[in-house]
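Comments concern the structure below.
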Amino acid sequence: MSNQGSQKRRDFLRKSAGGLALAGMAGIGLGASTSASAQSSADASASLAGLKPLYRRGQQASEAPSTPTSDLPDPAVRALRRLGFGYRPGDLAAFNALGGNFDDRLEAWVDAQLAGYSAAWPPTNDPALEAQLNDPAANFETLGDSLNTLWQERVLAEPPWPYYTYPLVETQYLALIRAIYSQWQLAEVLADFWHTHFSVHGGKFEVSPVFVHYDRDVIRPNMLGNLRQMIEDVTRSTAMMYYLDNVWNSRFGPNENYAREIQELHTLGAVHSWGFTPEGDIPNAQPMAGSSTTLPAGLKAGYSEADVAQVTLCLTGWTISNQYTTGGNTGEFVYYANWHEGGAKRVMGIDIPESGQSETETVLDLLAMHPNTARYVCEKLCRRLIGDSPPPSIVEAAATVFNDQWQAPDQLAQVVRTIILSNEFKDAAQWGEKTKRPFELIAGLMRSCGGPAHKLVRPEPFGNWAQNLLNGVNYKFSQELYWQMSNSGQLPFDWVTPDGFPDVKAAWLGSTPLVMSWRVLNMILMDGYPDDPNNPGGSWHNYYPVDATATTKAALAVNDRTAGNIVDHWVHAILGYDASSPGSPQLDTGVRSLLVDFMQQDAPSPDTVLDLDQDEWDNTPWMAYVPQRLQTLVASIAMLAENLRR
């Protein structure tokens with residue numbers, strides 16, 4: 001492209017206001033600048049009025065309406081947008097074919113989702129996902145490796161960076177691929193939840209080489225099963241052992257890290273901590289009404305600092321086979337009796353006789369059967385699936401099932417089913433209580449677009465990305481997406497502290513996650529590379545990692561490619577508002593008008609046919625760079641407040 005052409009392009013984009021105008025109209029910058037850790041929930045609640053829709057034409061920010069003006073999405077759309085990573089019209093059609101009314105359809109959908117998912121590797125009964133993973137271009141090499149193989153090849157062999165990180169990096173890409181392509185969307189939402197609940201920072205040196213095992217063999221096989229089993233598998237896992245230091249917990253040097261978090265974060269919750277209160281002053285736990293679970297006599301209502309110390313002693317000797325223990329240095333769980341602290345222990349009012357390894361198993365039983373574990377875990381599940389302040393009625397109802405079924409092999413599936421089929425989940429008043437986090441926005445847009453045109457692959461560390469691109473393998477896109485997701489604040493498995501990614505709206509309405517998410521969406525819709533890799537300052541070639549232009553062409557006949565039709569197509573594809581159906585909820589007319597104006601540019605009318613192949617300068621400005629304008633339009637719809645709500 002000539003310098004003159006480049007200048008015309010800059011003038012055109014300045015005239016059209018590009019993405020900047022739409023960024024101002026969308027959800028960006030409408031909340032206070034608060035980060036996930038910079039402000040307390042109370043302060044955030046006071047300063048954040050919530051997401052607003054686009055402003056109507058001519059309004060200033062101060063004149064923005066205080067309540068949404070777009071219609072409420074219908075119940076099926078709300079359910080699909082909550083229980084998956086991206087709304088697709090095809091998903092709605094399949095949902096509506098499941099029964100004669102919404103309640104029957106929702107029940108059938110949930111039951112099919114819970115029954116259809118399998119944690120087996122490689123994935124089965126998931127054709128779109130299988131096709132992605134079976135493609136040799138995906139370049140993954142560790143996803144099927146056993147824990148022992150990972151330990152031998154990625155730890156003991158001491159490979160150079162970045163080879164020891166491949167198990168983490170490949171699992172991070174896999175999480176995104178699953179969110180985009182898997183037909184078992186509810187399972188993927190739950191995998192995201194449980195990875196946050198039992199959060200492990202994948203970037204820790206000893207964790208990265210074995211992270212495949214943690215996701216594939218610990219979290220996923222248990223997330224629809226039984227919490228008691230899940231807690232034990234997490235406790236034994238190599239990733240958690242190293243992350244929270246129980247690998248070093250011995251009678252010679254007790255380490256409280258994991259003993260504290262298993263009570264504070266994984267079971268009872270900090271809300272049921274009694275601090276330094278003497279045991280005699282802590283009330284006994286009360287059986288849950290409606291639950292058949294019998295509690296041990298004298299079981300306390302919560303835990304104290306004394307209990308943290310005692311659980312630490314129970315856990316001594318639970319470690320990993322490495323160079324300091326017996327077992328052949330396999331990286332697998334081992335009970336090392338020489339490290340165990342002898343003698344009886346007392347946890348939450350219950351005496352635990354000296355019994356070696358089984359002392360910890362007794363502690364896990366007490367935690368799993370505890371009614372306040374049921375309440376704490378179920379409140380978090382309800383917060384994820386319903387809203388930031390879930391009604392106490394559904395928390396207690398779910399907790400009753402949780403506690404009553406604490407030994408059932410499908411305990412967690414029963415709890416999830418109870419929550420989703422509840423009136424509280426269906427209540428329209430709960431819509432918008434949450435906002436999508438960056439990972440949900442990124443995966444959701446790609447899912448709504450049918451997936452990226454360039455496959456997500458593990459980048460070659462020393463490869464020539466330009467030549468690889470010419471050969472059909474776009475390492476550049478995958479690598480750039482990885483770092484852009486990190487900048488957004490939600491690269492999978494990258495939260496440093498053990499509390500996991502925040503799951504409340506106030507934590508994600510600051511300028512950083514919103515602006516960085518906006519940048520990621522624009523990057524995945526339109527990127528470029530220099531025509532001459534040796535001259536990056538020269539002319540550039542545009543390519544579309546997620547090809548919204550091709551998707552639009554497939555959906556609309558040539559004579560139907562008007563600004564109005566293009567906007568309506570993408571509003572339907574992403575939000576579920578169907579302009580062609582008088583009975584469907586609709587996007588606010590002012591919002592739609594602004595979107596149409598942007599896409600129309602200076603064309604004579606919203607009904608003027610646009611040339612989706614005109615990707616260069618044209619003497620008629622509204623005909624210039626139409627595909628690029630389309631990419632910005634799609635990113636803008638994805639960043640509308642209407643799409644951020646869930």
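FYI, nothing fancy with the structure tokens labels: chains A, B, ... in order, residues from 1 per chain, ligands from 1 as they appear.
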(request) Give me the residues within 12 Å of Ala115 (chain A) as number ranges by chain, counting only C-alpha atoms and dropping any in the same chain fewer than 5 places off. (result) A: 108-110, 125, 184, 186-187, 224-225, 410, 413-414, 417
(request) Excluding region 497-504 of chain A and residues on its chain fewer than 2 positions from it, collect all residues at most 6 Å away from it, counting only C-alpha atoms, and give them as an NGL selection string. (result) :A and (196 or 199 or 388 or 495 or 506-507)
(request) Apply DSSP to the backbone of this structure and, from region 254-306 of chain A, keep only the residues in strand (DSSP E or B); write these as a list in words. (result) Ser273, Asn284, Lys300 and Tyr303 of chain A
(request) Have a look at A:Ala399, A:Ala548, A:Leu176, A:Leu640 and name the one nearest to Tyr376 (chain A); count only C-alpha atoms. (result)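 Ranked by minimum distance to Tyr376 (chain A), first place goes to A:Ala399.
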(message) Using only C-alpha atoms, can you tell me which of A:Ala635, A:Ser486, A:Leu421, A:Leu114 comes closest to Val189 (chain A)?
(response)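 Among A:Ala635, A:Ser486, A:Leu421, A:Leu114, it is A:Leu114 that comes nearest to Val189 (chain A).
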(message) Which residues are close to Ala344 (chain A), i.e. within 8 Å by only C-alpha atoms, leaving aside same-chain residues fewer than 5 positions away? Reply as a list in words.
(response)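 In the requested format, the answer is Asp351, Ile352, Pro353 and Glu354 of chain A.
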Now that the selection is made, can you save its residues with N, CA, C and O atoms as a JSON list (two decimals), in the first residue's frame?
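Just written: out_29.json:
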```
[["chain", "number", "residue", "atom", "x", "y", "z"],
["A", 351, "ASP", "N", -12.11, -36.24, 68.56],
["A", 351, "ASP", "CA", -10.84, -36.91, 68.80],
["A", 351, "ASP", "C", -10.51, -37.84, 67.63],
["A", 351, "ASP", "O", -11.35, -38.62, 67.18],
["A", 352, "ILE", "N", -9.26, -37.76, 67.18],
["A", 352, "ILE", "CA", -8.79, -38.61, 66.08],
["A", 352, "ILE", "C", -7.63, -39.44, 66.61],
["A", 352, "ILE", "O", -6.54, -38.91, 66.85],
["A", 353, "PRO", "N", -7.84, -40.73, 66.84],
["A", 353, "PRO", "CA", -6.77, -41.58, 67.36],
["A", 353, "PRO", "C", -5.60, -41.64, 66.38],
["A", 353, "PRO", "O", -5.76, -41.46, 65.17],
["A", 354, "GLU", "N", -4.41, -41.90, 66.92],
["A", 354, "GLU", "CA", -3.24, -42.07, 66.07],
["A", 354, "GLU", "C", -3.46, -43.22, 65.10],
["A", 354, "GLU", "O", -3.75, -44.35, 65.50]]
```
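Minimum atom-to-atom distance to Val567 (chain A), evaluated using only C-alpha atoms, belongs to A:Thr632 out of A:Asn222, A:Asn487, A:Thr142, A:Thr632.
Straight-line separation from CA of Thr171 (chain A) to CA of Leu441 (chain A): 19.0 Å.
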